[in-house]
Structures are given as C-alpha cells and as structure tokens.
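Have a look at target.cif below; it lists mmCIF, C-alpha atoms (C1' of nucleotides).
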```cif
data_final
#
loop_
_atom_site.label_atom_id
_atom_site.label_comp_id
_atom_site.auth_asym_id
_atom_site.auth_seq_id
_atom_site.Cartn_x
_atom_site.Cartn_y
_atom_site.Cartn_z
CA MET A 1 152.62 40.37 89.72
CA ALA A 2 153.37 39.99 93.42
CA LYS A 3 154.50 43.59 93.48
CA PRO A 4 156.12 44.48 96.77
CA GLN A 5 153.78 47.42 97.30
CA ASP A 6 150.86 45.07 96.93
CA ARG A 7 152.32 42.70 99.47
CA GLN A 8 152.74 45.51 101.91
CA LEU A 9 149.18 46.65 101.32
CA VAL A 10 147.88 43.17 101.96
CA GLU A 11 149.95 42.86 105.12
CA GLN A 12 148.56 46.13 106.38
CA TRP A 13 145.02 45.02 105.70
CA ARG A 14 145.49 41.68 107.41
CA SER A 15 146.96 43.41 110.40
CA ILE A 16 143.87 45.59 110.67
CA GLN A 17 141.64 42.58 110.33
CA THR A 18 143.50 40.69 113.02
CA THR A 19 143.38 43.57 115.44
CA TYR A 20 139.75 44.15 114.72
CA PHE A 21 138.65 40.54 115.07
CA HIS A 22 140.61 39.73 118.18
CA THR A 23 139.71 42.93 119.96
CA ALA A 24 136.07 42.80 118.98
CA GLY A 25 135.94 39.15 120.05
CA ALA A 26 137.44 39.90 123.44
CA LEU A 27 135.04 42.80 123.97
CA GLU A 28 132.07 40.73 122.83
CA ARG A 29 132.83 37.89 125.21
CA ALA A 30 133.55 40.08 128.21
CA LEU A 31 130.51 42.32 127.78
CA GLU A 32 128.26 39.37 127.12
CA SER A 33 129.39 37.36 130.11
CA LYS A 34 129.59 40.21 132.61
CA PHE A 35 126.77 42.46 131.49
CA SER A 36 124.67 40.40 129.11
CA ILE A 37 124.97 42.87 126.27
CA GLY A 38 126.67 42.59 122.91
CA LEU A 39 129.42 44.86 121.63
CA THR A 40 127.14 46.76 119.28
CA GLU A 41 124.69 47.35 122.10
CA PHE A 42 127.47 48.77 124.21
CA GLU A 43 128.63 50.98 121.39
CA ILE A 44 125.23 52.57 121.05
CA LEU A 45 125.04 53.10 124.79
CA ASP A 46 128.48 54.66 124.62
CA LEU A 47 127.51 57.03 121.84
CA VAL A 48 124.33 58.09 123.56
CA ALA A 49 126.16 58.52 126.86
CA GLU A 50 128.73 60.85 125.40
CA SER A 51 126.17 62.80 123.45
CA THR A 52 125.62 66.15 125.10
CA ASP A 53 123.21 68.03 122.88
CA ALA A 54 119.51 67.26 123.03
CA ALA A 55 118.96 66.93 119.29
CA CYS A 56 116.90 64.23 117.64
CA ARG A 57 119.60 61.68 117.67
CA MET A 58 118.91 58.38 115.96
CA LYS A 59 120.03 59.91 112.69
CA GLN A 60 123.07 61.73 114.04
CA LEU A 61 124.21 58.59 115.79
CA GLY A 62 124.23 56.87 112.45
CA GLU A 63 126.78 59.38 111.27
CA ARG A 64 129.14 58.47 114.06
CA THR A 65 129.32 54.77 113.50
CA PRO A 66 129.92 52.57 110.49
CA MET A 67 126.75 50.69 111.40
CA THR A 68 123.93 50.49 108.91
CA GLN A 69 120.69 52.34 109.59
CA SER A 70 119.00 48.98 109.64
CA ALA A 71 121.47 47.54 112.14
CA MET A 72 121.14 50.58 114.38
CA SER A 73 117.40 50.31 114.37
CA LYS A 74 117.56 46.72 115.53
CA VAL A 75 120.18 47.33 118.17
CA VAL A 76 118.21 50.24 119.56
CA ASP A 77 115.15 48.05 119.56
CA ARG A 78 116.95 45.45 121.66
CA LEU A 79 118.25 48.10 124.04
CA ASP A 80 114.76 49.48 124.40
CA LYS A 81 113.31 46.06 125.14
CA ALA A 82 116.10 45.50 127.67
CA GLY A 83 115.07 48.72 129.37
CA LEU A 84 118.44 50.39 128.89
CA ILE A 85 117.39 53.14 126.54
CA SER A 86 114.21 55.01 125.73
CA ARG A 87 112.95 56.20 122.38
CA GLN A 88 110.76 59.28 122.29
CA SER A 89 109.48 60.83 119.15
CA CYS A 90 110.70 64.29 118.37
CA ALA A 91 108.26 67.16 118.62
CA ASP A 92 109.59 69.10 115.66
CA ASP A 93 109.96 66.16 113.28
CA ARG A 94 107.79 63.21 114.09
CA ARG A 95 109.79 60.88 111.89
CA SER A 96 112.84 61.24 114.11
CA LEU A 97 113.55 59.59 117.42
CA PHE A 98 115.19 61.03 120.42
CA LEU A 99 117.27 58.53 122.36
CA GLU A 100 118.01 58.67 126.04
CA LEU A 101 119.63 56.33 128.53
CA THR A 102 117.41 55.04 131.28
CA ASP A 103 118.81 54.93 134.79
CA ALA A 104 119.53 51.25 134.32
CA GLY A 105 121.24 52.03 131.03
CA ARG A 106 123.37 54.72 132.56
CA ALA A 107 124.39 52.46 135.42
CA LEU A 108 125.23 49.56 133.18
CA HIS A 109 127.16 51.78 130.83
CA ARG A 110 129.24 53.18 133.66
CA GLN A 111 130.36 49.70 134.69
CA ALA A 112 130.74 48.31 131.21
CA ALA A 113 132.79 51.28 130.02
CA ILE A 114 135.48 50.49 132.58
CA GLU A 115 135.77 46.96 131.28
CA HIS A 116 135.65 48.20 127.71
CA ARG A 117 138.49 50.68 128.11
CA ALA A 118 140.58 48.13 129.96
CA LEU A 119 140.20 45.61 127.17
CA LEU A 120 141.01 48.22 124.54
CA ARG A 121 144.14 49.10 126.43
CA GLU A 122 145.05 45.45 126.64
CA ASN A 123 144.33 44.59 123.03
CA LEU A 124 145.18 47.55 120.81
CA GLY A 125 148.69 47.38 119.54
CA LYS A 126 148.99 43.82 120.75
CA TYR A 127 148.92 42.21 117.32
CA MET B 1 136.15 59.27 134.54
CA ALA B 2 136.49 60.54 130.98
CA LYS B 3 140.24 60.23 131.32
CA PRO B 4 142.02 61.63 128.30
CA GLN B 5 143.94 58.39 127.73
CA ASP B 6 140.62 56.57 127.62
CA ARG B 7 139.26 59.01 125.06
CA GLN B 8 142.29 58.50 122.92
CA LEU B 9 141.96 54.76 123.21
CA VAL B 10 138.34 54.90 122.15
CA GLU B 11 139.17 57.17 119.23
CA GLN B 12 141.81 54.74 118.08
CA TRP B 13 139.40 51.85 118.30
CA ARG B 14 136.69 53.68 116.38
CA SER B 15 139.17 54.58 113.73
CA ILE B 16 140.07 50.92 113.27
CA GLN B 17 136.41 49.99 113.14
CA THR B 18 135.66 52.63 110.56
CA THR B 19 138.54 51.61 108.35
CA TYR B 20 137.66 47.99 108.72
CA PHE B 21 133.96 48.36 107.97
CA HIS B 22 134.27 50.72 105.06
CA THR B 23 137.10 48.81 103.42
CA ALA B 24 135.51 45.43 103.98
CA GLY B 25 132.23 46.76 102.66
CA ALA B 26 133.83 48.13 99.51
CA LEU B 27 135.68 44.85 98.92
CA GLU B 28 132.55 42.81 99.57
CA ARG B 29 130.46 44.77 97.10
CA ALA B 30 133.07 44.85 94.36
CA LEU B 31 133.95 41.16 94.59
CA GLU B 32 130.34 40.16 94.80
CA SER B 33 129.22 42.19 91.82
CA LYS B 34 132.19 41.50 89.56
CA PHE B 35 133.11 37.95 90.52
CA SER B 36 130.17 36.62 92.49
CA ILE B 37 132.25 35.73 95.52
CA GLY B 38 132.27 37.15 99.02
CA LEU B 39 135.23 38.72 100.74
CA THR B 40 135.91 35.72 102.95
CA GLU B 41 135.83 33.45 99.92
CA PHE B 42 138.41 35.64 98.25
CA GLU B 43 140.57 35.66 101.34
CA ILE B 44 140.73 31.90 101.40
CA LEU B 45 141.56 31.80 97.70
CA ASP B 46 144.23 34.37 98.38
CA LEU B 47 145.76 32.36 101.19
CA VAL B 48 145.76 29.15 99.20
CA ALA B 49 147.19 30.95 96.18
CA GLU B 50 150.15 32.31 98.09
CA SER B 51 150.76 29.06 99.87
CA THR B 52 153.82 27.41 98.43
CA ASP B 53 154.38 24.27 100.45
CA ALA B 54 152.34 21.18 99.79
CA ALA B 55 151.43 20.47 103.39
CA CYS B 56 147.99 19.50 104.62
CA ARG B 57 146.68 22.98 104.72
CA MET B 58 143.21 23.45 106.09
CA LYS B 59 144.65 23.62 109.58
CA GLN B 60 147.60 25.85 108.75
CA LEU B 61 145.32 28.23 106.92
CA GLY B 62 143.40 28.63 110.12
CA GLU B 63 146.53 29.93 111.76
CA ARG B 64 146.87 32.69 109.21
CA THR B 65 143.46 34.24 109.54
CA PRO B 66 141.32 35.39 112.43
CA MET B 67 138.50 33.26 111.01
CA THR B 68 136.99 30.55 113.15
CA GLN B 69 137.59 26.93 112.26
CA SER B 70 133.88 26.62 111.74
CA ALA B 71 133.73 29.63 109.45
CA MET B 72 136.67 28.35 107.40
CA SER B 73 135.04 25.00 106.98
CA LYS B 74 131.90 26.59 105.59
CA VAL B 75 133.73 29.00 103.31
CA VAL B 76 135.85 26.20 101.90
CA ASP B 77 132.69 24.19 101.42
CA ARG B 78 131.17 26.99 99.34
CA LEU B 79 134.37 27.39 97.33
CA ASP B 80 134.38 23.68 96.67
CA LYS B 81 130.77 23.71 95.53
CA ALA B 82 131.54 26.67 93.29
CA GLY B 83 134.34 24.64 91.73
CA LEU B 84 137.06 27.08 92.70
CA ILE B 85 138.95 24.88 95.10
CA SER B 86 139.40 21.17 95.66
CA ARG B 87 139.69 19.29 98.90
CA GLN B 88 141.69 16.10 98.93
CA SER B 89 142.28 14.09 102.00
CA CYS B 90 145.86 13.80 103.15
CA ALA B 91 147.59 10.47 102.80
CA ASP B 92 149.54 10.67 106.04
CA ASP B 93 146.69 11.97 108.21
CA ARG B 94 143.26 11.21 106.93
CA ARG B 95 141.64 13.76 109.20
CA SER B 96 143.40 16.60 107.40
CA LEU B 97 142.51 18.18 104.10
CA PHE B 98 144.77 19.38 101.42
CA LEU B 99 143.43 22.41 99.59
CA GLU B 100 144.23 23.32 96.04
CA LEU B 101 142.93 25.90 93.59
CA THR B 102 141.22 24.55 90.53
CA ASP B 103 142.01 26.17 87.20
CA ALA B 104 138.83 28.18 87.47
CA GLY B 105 139.82 29.20 90.99
CA ARG B 106 143.26 30.26 89.90
CA ALA B 107 141.87 32.30 87.01
CA LEU B 108 139.26 33.99 89.16
CA HIS B 109 141.78 34.74 91.86
CA ARG B 110 144.14 36.34 89.40
CA GLN B 111 141.47 38.78 88.24
CA ALA B 112 139.94 39.38 91.65
CA ALA B 113 143.32 40.05 93.27
CA ILE B 114 143.88 43.03 90.98
CA GLU B 115 140.57 44.53 92.05
CA HIS B 116 141.28 43.67 95.68
CA ARG B 117 144.67 45.38 95.77
CA ALA B 118 143.30 48.43 93.97
CA LEU B 119 140.53 48.81 96.53
CA LEU B 120 142.95 48.36 99.42
CA ARG B 121 145.14 51.07 97.97
CA GLU B 122 142.12 53.29 97.59
CA ASN B 123 140.67 52.67 101.03
CA LEU B 124 143.47 52.18 103.54
CA GLY B 125 144.50 55.40 105.13
CA LYS B 126 141.43 57.10 103.74
CA TYR B 127 139.58 57.35 107.04
"C1'" DT C 1 96.50 72.92 98.51
"C1'" DG C 2 97.59 68.83 95.93
"C1'" DT C 3 101.09 66.12 93.94
"C1'" DC C 4 105.65 64.20 93.79
"C1'" DA C 5 109.95 63.45 95.71
"C1'" DT C 6 112.65 62.93 99.87
"C1'" DT C 7 113.82 61.57 104.51
"C1'" DC C 8 113.56 58.76 108.99
"C1'" DA C 9 112.84 54.60 110.99
"C1'" DA C 10 111.09 49.67 111.07
"C1'" DT C 11 110.61 45.16 109.10
"C1'" DG C 12 111.04 40.58 106.52
"C1'" DA C 13 113.74 37.54 103.82
"C1'" DC C 14 118.07 35.95 103.55
"C1'" DG C 15 123.16 34.90 104.14
"C1'" DT C 16 126.82 34.09 107.00
"C1'" DG C 17 129.25 33.76 111.44
"C1'" DT C 18 129.45 31.55 116.24
"C1'" DC C 19 129.05 28.15 119.69
"C1'" DA C 20 128.51 23.61 120.92
"C1'" DT C 21 128.66 19.32 119.34
"C1'" DA C 22 129.36 15.28 116.24
"C1'" DT C 23 132.25 12.28 113.48
"C1'" DA C 24 136.23 10.32 112.37
"C1'" DA C 25 141.23 9.56 112.76
"C1'" DG C 26 145.29 9.58 115.27
"C1'" DT C 27 147.95 9.06 119.83
"C1'" DT C 28 149.27 7.29 124.29
"C1'" DG C 29 149.75 4.12 127.99
"C1'" DT C 30 148.95 -0.34 129.71
"C1'" DA D 1 145.33 -4.48 121.17
"C1'" DC D 2 142.20 -1.79 124.10
"C1'" DA D 3 140.62 2.10 126.38
"C1'" DA D 4 140.90 7.09 127.03
"C1'" DC D 5 142.38 11.31 125.24
"C1'" DT D 6 143.41 14.51 121.65
"C1'" DT D 7 143.12 16.53 117.05
"C1'" DA D 8 141.01 17.76 112.24
"C1'" DT D 9 136.98 18.91 110.04
"C1'" DA D 10 131.79 19.12 109.54
"C1'" DT D 11 127.26 20.32 110.97
"C1'" DG D 12 122.91 22.18 113.26
"C1'" DA D 13 120.70 25.68 115.97
"C1'" DC D 14 120.75 30.22 116.57
"C1'" DA D 15 121.88 35.32 116.48
"C1'" DC D 16 122.90 39.19 114.02
"C1'" DG D 17 123.82 42.09 109.96
"C1'" DT D 18 122.46 43.42 105.12
"C1'" DC D 19 119.56 44.62 101.41
"C1'" DA D 20 115.29 45.92 99.73
"C1'" DT D 21 111.13 47.57 100.88
"C1'" DT D 22 107.44 49.75 103.59
"C1'" DG D 23 105.06 53.33 106.27
"C1'" DA D 24 104.84 57.57 107.83
"C1'" DA D 25 106.13 62.52 107.94
"C1'" DT D 26 108.18 66.39 105.64
"C1'" DG D 27 109.50 69.49 101.89
"C1'" DA D 28 109.10 71.77 97.44
"C1'" DC D 29 106.72 73.89 94.20
"C1'" DA D 30 103.13 74.81 90.80
#
```
Could you express the structure from this file as structure tokens?
Amino acid sequence: MAKPQDRQLVEQWRSIQTTYFHTAGALERALESKFSIGLTEFEILDLVAESTDAACRMKQLGERTPMTQSAMSKVVDRLDKAGLISRQSCADDRRSLFLELTDAGRALHRQAAIEHRALLRENLGKY
Amino acid sequence: MAKPQDRQLVEQWRSIQTTYFHTAGALERALESKFSIGLTEFEILDLVAESTDAACRMKQLGERTPMTQSAMSKVVDRLDKAGLISRQSCADDRRSLFLELTDAGRALHRQAAIEHRALLRENLGKY
DNA sequence: TGTCATTCAATGACGTGTCATATAAGTTGT
DNA sequence: ACAACTTATATGACACGTCATTGAATGACA
C-alpha cells in the first residue's frame, strides 16, 4: 500500500497528463483564434500534408493517429465543408477515400504549422 | 521548412499524444467496466484519498490537476450523487467546499487504485 | 455465381468537457 | 455600514468525441 514504485508511476502519469492538457489547450486556443480551426483539424491537415504517397488514405491516416475512426470521419467532414480538404473516392476500392489538401488547405496549413511548431517548442518540457 | 528540429518536436508531441490516448483509454474502459466510474471520477477520488490536511479542498484540488474548475465541479457532483464523496461547506469560508470520501468511496478507491496502478505499469513506456 | 463474412466510412444517440455566466460569500476602502 | 471588487462553486448552451450501428463494397469459397 502506497508502494514507492506506484507513487512514481502515478507521478509520471500526471506529468504526462499535465503536459498534454496544457500544450493541447495552448494549441487549441491559438489555432482557433488565429486560423479558426481546432487542434484535431490541424492534425489531420498536418498528416495529409506530410503524406507523400498517393494511396487511398483515410484508412492509413487512422493508423497514424490515436483518433477513432468515427472522430476522423467527423473531422474530415468538417474540413471538407470548410473547403480545406477534398475527399475523392478511390478507383480501385470504392469504399475508400482519397484525401487531398485544397489550395486553401495547403495555404492555411503552411501558416498554422509555423504557429504549431512554435507552441510545441514553447510548451514541451515546460511542465 | 521541414526543419529537422521541427520534425523531432512533432514526433515528441505525437508520442505524448499516443501514450496519453492509449493509456487514458485503457484506464477509462477498465474503470468503467469494473467499477462503473470514469477516469476523471477516479482521479478526483485519488486526489482526495491522498490528501492529508483537512483544509477546504475543492479549490486546492483544482491546483493539482489540469482539469477546469467547471469540469471539477461536475465530476464532484457526479461523485456526490453516486455516494462516493461528500461535500460539506467550510465553516470559515462558506463559499468553499470540504471534500471527503464516504466509506463506499474509500472502499471503491482502494480496489480501483490497484487496477489503475497495474494499467499504468502496463501502459507507460509501451508506446 | 450466390451466400456469408469482412472492411471502409458515415451517422445518431449520448456523455462529458469548455466557455461564459450566475450566485453567493468574502474583502476593501470610505 | 455601503458600495465595488474579488473569489469559490454551480450551471446552461454548445461542441466534440465515443460507442454502436448502418450502408455500401469487397473477398472468400463452395
């Protein structure tokens, strides 16, 4: 009871939580106020932007983030409606969707990424 | 553009996110299925349980978690309704609330903490 | 080819977190 | 003792994530 290893484990976990919450909060607020997008929206843009291959991506993207399939679907939907991304059905498997940044999406991502990196630099390791 | 330090920063951030989401998810599911409480509920129980001093605590608790004041209020409300915690107004400052585990709360926390620590041990450093 | 199982994405019901605000109590200065 | 300000908690509107399910396309195999 109250084993020291347990205490250390709990401390470690709380430290991760703190870092995560504060950093995510800072990112959220900055992206929302300056670019009118949420953090999850940005993260999808970021993943699509750095994706080089032209595979059917919706699925693969899911493998690169801890987001749920359901969450991804909704975020992508919002991005689509905002005109930042386009969804095109895949020729070889019509269940899949191919994602692509629009020009607006690419432009916004370029700006937002600068802010994003700066905030990461500022926040990570701060707590 | 695509500076290597930026890449590293992003990697670090994603790693934190992954650890956070997977661990929190595992905790959530286990606590919910075995004890019918959410992770945030457990975290409040945990904080109250380890709190030694008899100060008016609602406020102080807020300083020990990244949770919002609003979120805390609602979580404590649920815990109260579930009969796991009791809120008593402070004599010296009637705005403040003094939190205390009920017997049921203490019993549940004792069991749940074992599960919680085990899952932390299993998950942290896994990703 | 027809059936059954599997996979990809979207959706609806629901819970919980956030922001802004309300309520109530305490504090300060006059 | 009265305003004006500050602090502690609660609450309502709203947004977003989750789970379970659906719809549609594919695969496997007799």
| field | Interface list for chain B, partner chain A, 7 Å threshold, only C-alpha atoms, as number ranges by chain | value | B: 6, 9, 16-18, 20-21, 66, 117, 120-121
With all Cα atoms paired residue by residue, do a least-squares superposition of chain A on chain B and hand back the transformed coordinates as a short mmCIF file (atom, residue, chain, number, x, y, z; two decimals) with C-alpha atoms, keeping the file's coordinate frame.
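Listed below is the output, part.cif:
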```cif
data_model
loop_
_atom_site.label_atom_id
_atom_site.label_comp_id
_atom_site.auth_asym_id
_atom_site.auth_seq_id
_atom_site.Cartn_x
_atom_site.Cartn_y
_atom_site.Cartn_z
CA MET A 1 136.20 59.33 134.65
CA ALA A 2 136.53 60.46 131.04
CA LYS A 3 140.28 60.14 131.37
CA PRO A 4 142.06 61.55 128.36
CA GLN A 5 143.96 58.32 127.78
CA ASP A 6 140.67 56.49 127.64
CA ARG A 7 139.30 58.93 125.12
CA GLN A 8 142.32 58.44 122.95
CA LEU A 9 141.99 54.68 123.22
CA VAL A 10 138.36 54.85 122.19
CA GLU A 11 139.19 57.13 119.27
CA GLN A 12 141.83 54.70 118.10
CA TRP A 13 139.42 51.81 118.29
CA ARG A 14 136.70 53.64 116.41
CA SER A 15 139.17 54.57 113.74
CA ILE A 16 140.06 50.92 113.27
CA GLN A 17 136.42 49.98 113.14
CA THR A 18 135.66 52.62 110.55
CA THR A 19 138.54 51.60 108.35
CA TYR A 20 137.65 47.98 108.69
CA PHE A 21 133.95 48.36 107.96
CA HIS A 22 134.27 50.72 105.04
CA THR A 23 137.08 48.82 103.41
CA ALA A 24 135.50 45.43 103.96
CA GLY A 25 132.21 46.78 102.62
CA ALA A 26 133.82 48.14 99.48
CA LEU A 27 135.67 44.87 98.89
CA GLU A 28 132.53 42.83 99.54
CA ARG A 29 130.45 44.79 97.06
CA ALA A 30 133.07 44.86 94.33
CA LEU A 31 133.96 41.17 94.57
CA GLU A 32 130.33 40.17 94.76
CA SER A 33 129.23 42.21 91.78
CA LYS A 34 132.20 41.50 89.53
CA PHE A 35 133.11 37.96 90.48
CA SER A 36 130.17 36.62 92.45
CA ILE A 37 132.25 35.74 95.48
CA GLY A 38 132.26 37.15 98.98
CA LEU A 39 135.23 38.73 100.72
CA THR A 40 135.88 35.72 102.93
CA GLU A 41 135.82 33.46 99.90
CA PHE A 42 138.39 35.65 98.23
CA GLU A 43 140.55 35.66 101.31
CA ILE A 44 140.72 31.89 101.38
CA LEU A 45 141.55 31.81 97.69
CA ASP A 46 144.25 34.37 98.36
CA LEU A 47 145.77 32.36 101.17
CA VAL A 48 145.76 29.16 99.19
CA ALA A 49 147.19 30.94 96.15
CA GLU A 50 150.13 32.31 98.06
CA SER A 51 150.77 29.06 99.84
CA THR A 52 153.84 27.41 98.38
CA ASP A 53 154.44 24.30 100.45
CA ALA A 54 152.37 21.20 99.82
CA ALA A 55 151.45 20.52 103.44
CA CYS A 56 148.02 19.52 104.65
CA ARG A 57 146.67 22.98 104.74
CA MET A 58 143.19 23.46 106.12
CA LYS A 59 144.65 23.66 109.60
CA GLN A 60 147.61 25.88 108.74
CA LEU A 61 145.32 28.26 106.91
CA GLY A 62 143.38 28.67 110.10
CA GLU A 63 146.51 29.97 111.73
CA ARG A 64 146.85 32.71 109.17
CA THR A 65 143.44 34.24 109.48
CA PRO A 66 141.31 35.39 112.37
CA MET A 67 138.50 33.26 110.98
CA THR A 68 137.00 30.54 113.11
CA GLN A 69 137.58 26.90 112.20
CA SER A 70 133.86 26.62 111.72
CA ALA A 71 133.72 29.64 109.42
CA MET A 72 136.65 28.36 107.38
CA SER A 73 135.01 25.01 106.95
CA LYS A 74 131.88 26.61 105.56
CA VAL A 75 133.71 29.00 103.28
CA VAL A 76 135.81 26.19 101.89
CA ASP A 77 132.66 24.20 101.39
CA ARG A 78 131.16 27.01 99.33
CA LEU A 79 134.34 27.39 97.30
CA ASP A 80 134.36 23.67 96.65
CA LYS A 81 130.75 23.69 95.51
CA ALA A 82 131.54 26.67 93.28
CA GLY A 83 134.32 24.64 91.71
CA LEU A 84 137.05 27.07 92.68
CA ILE A 85 138.94 24.88 95.09
CA SER A 86 139.40 21.17 95.67
CA ARG A 87 139.67 19.30 98.93
CA GLN A 88 141.69 16.10 98.99
CA SER A 89 142.30 14.09 102.07
CA CYS A 90 145.86 13.84 103.23
CA ALA A 91 147.63 10.52 102.91
CA ASP A 92 149.59 10.78 106.14
CA ASP A 93 146.75 12.05 108.32
CA ARG A 94 143.32 11.23 107.06
CA ARG A 95 141.67 13.79 109.30
CA SER A 96 143.37 16.64 107.48
CA LEU A 97 142.47 18.18 104.16
CA PHE A 98 144.74 19.38 101.47
CA LEU A 99 143.41 22.39 99.61
CA GLU A 100 144.22 23.31 96.05
CA LEU A 101 142.93 25.88 93.60
CA THR A 102 141.22 24.54 90.53
CA ASP A 103 142.02 26.15 87.21
CA ALA A 104 138.84 28.17 87.49
CA GLY A 105 139.84 29.20 91.00
CA ARG A 106 143.27 30.26 89.92
CA ALA A 107 141.88 32.28 87.04
CA LEU A 108 139.27 33.98 89.14
CA HIS A 109 141.78 34.73 91.85
CA ARG A 110 144.15 36.34 89.38
CA GLN A 111 141.47 38.77 88.24
CA ALA A 112 139.95 39.38 91.63
CA ALA A 113 143.32 40.05 93.25
CA ILE A 114 143.86 43.03 90.96
CA GLU A 115 140.57 44.53 92.03
CA HIS A 116 141.28 43.68 95.65
CA ARG A 117 144.67 45.38 95.75
CA ALA A 118 143.29 48.42 93.97
CA LEU A 119 140.52 48.81 96.51
CA LEU A 120 142.94 48.36 99.39
CA ARG A 121 145.12 51.06 97.94
CA GLU A 122 142.11 53.30 97.57
CA ASN A 123 140.66 52.68 101.01
CA LEU A 124 143.46 52.17 103.52
CA GLY A 125 144.47 55.37 105.16
CA LYS A 126 141.43 57.09 103.74
CA TYR A 127 139.54 57.37 107.01
#
```
| message | Report as a PyMOL selection string all protein, DNA and RNA residues lying within 8 Å of region 3-9 of chain C, evaluated on all atoms listed in the file, omitting residues in the same chain fewer than 3 positions from it. | response | (chain A and resi 59+73+95-96) or (chain D and resi 26-27)
| field | Residues matched by the PyMOL selection byres ((chain C) within 10 of (chain B)) as a list in words | value |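 Selected by the PyMOL selection byres ((chain C) within 10 of (chain B)) here: DT16, DG17, DT18, DC19, DA24, DA25 and DG26 of chain C.
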| task | May I ask which of the residues A:Glu122, A:Glu63, A:Glu32, A:Glu11 is the closest one to Leu47 (chain B), counting all atoms listed in the file? | result |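 Smallest separation from Leu47 (chain B) among the options: A:Glu11.
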| task | Might you spell out which residues the PyMOL selection byres ((chain B and resi 97) around 10) would select in the displayed file, as a PyMOL selection string? | result | (chain B and resi 55-59+86-91+93-96+98-100) or (chain D and resi 8-9)
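In plain terms, chain D touches chain A through DC16, DG17, DT18, DA24, DA25 and DT26 of chain D, where touching means an atom at most 9 Å away, counting all atoms listed in the file.
What the PyMOL selection byres ((chain D and resi 2) around 12) matches in the given file is DT28, DG29 and DT30 of chain C; DA1, DA3 and DA4 of chain D.
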| task | Provide the CA of Gln60 (chain A) to CA of Arg78 (chain A) distance in Å, to one decimal place. | result | 19.0 Å
| Gap from CA of Ala49 (chain B) to CA of Gly25 (chain A) - Å, one decimal | 27.6 Å
| said: Please compute the CA of Ser36 (chain A)-CA of Thr52 (chain A) distance, one decimal, in Å. | reply: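 Interatomic distance here is 26.1 Å.
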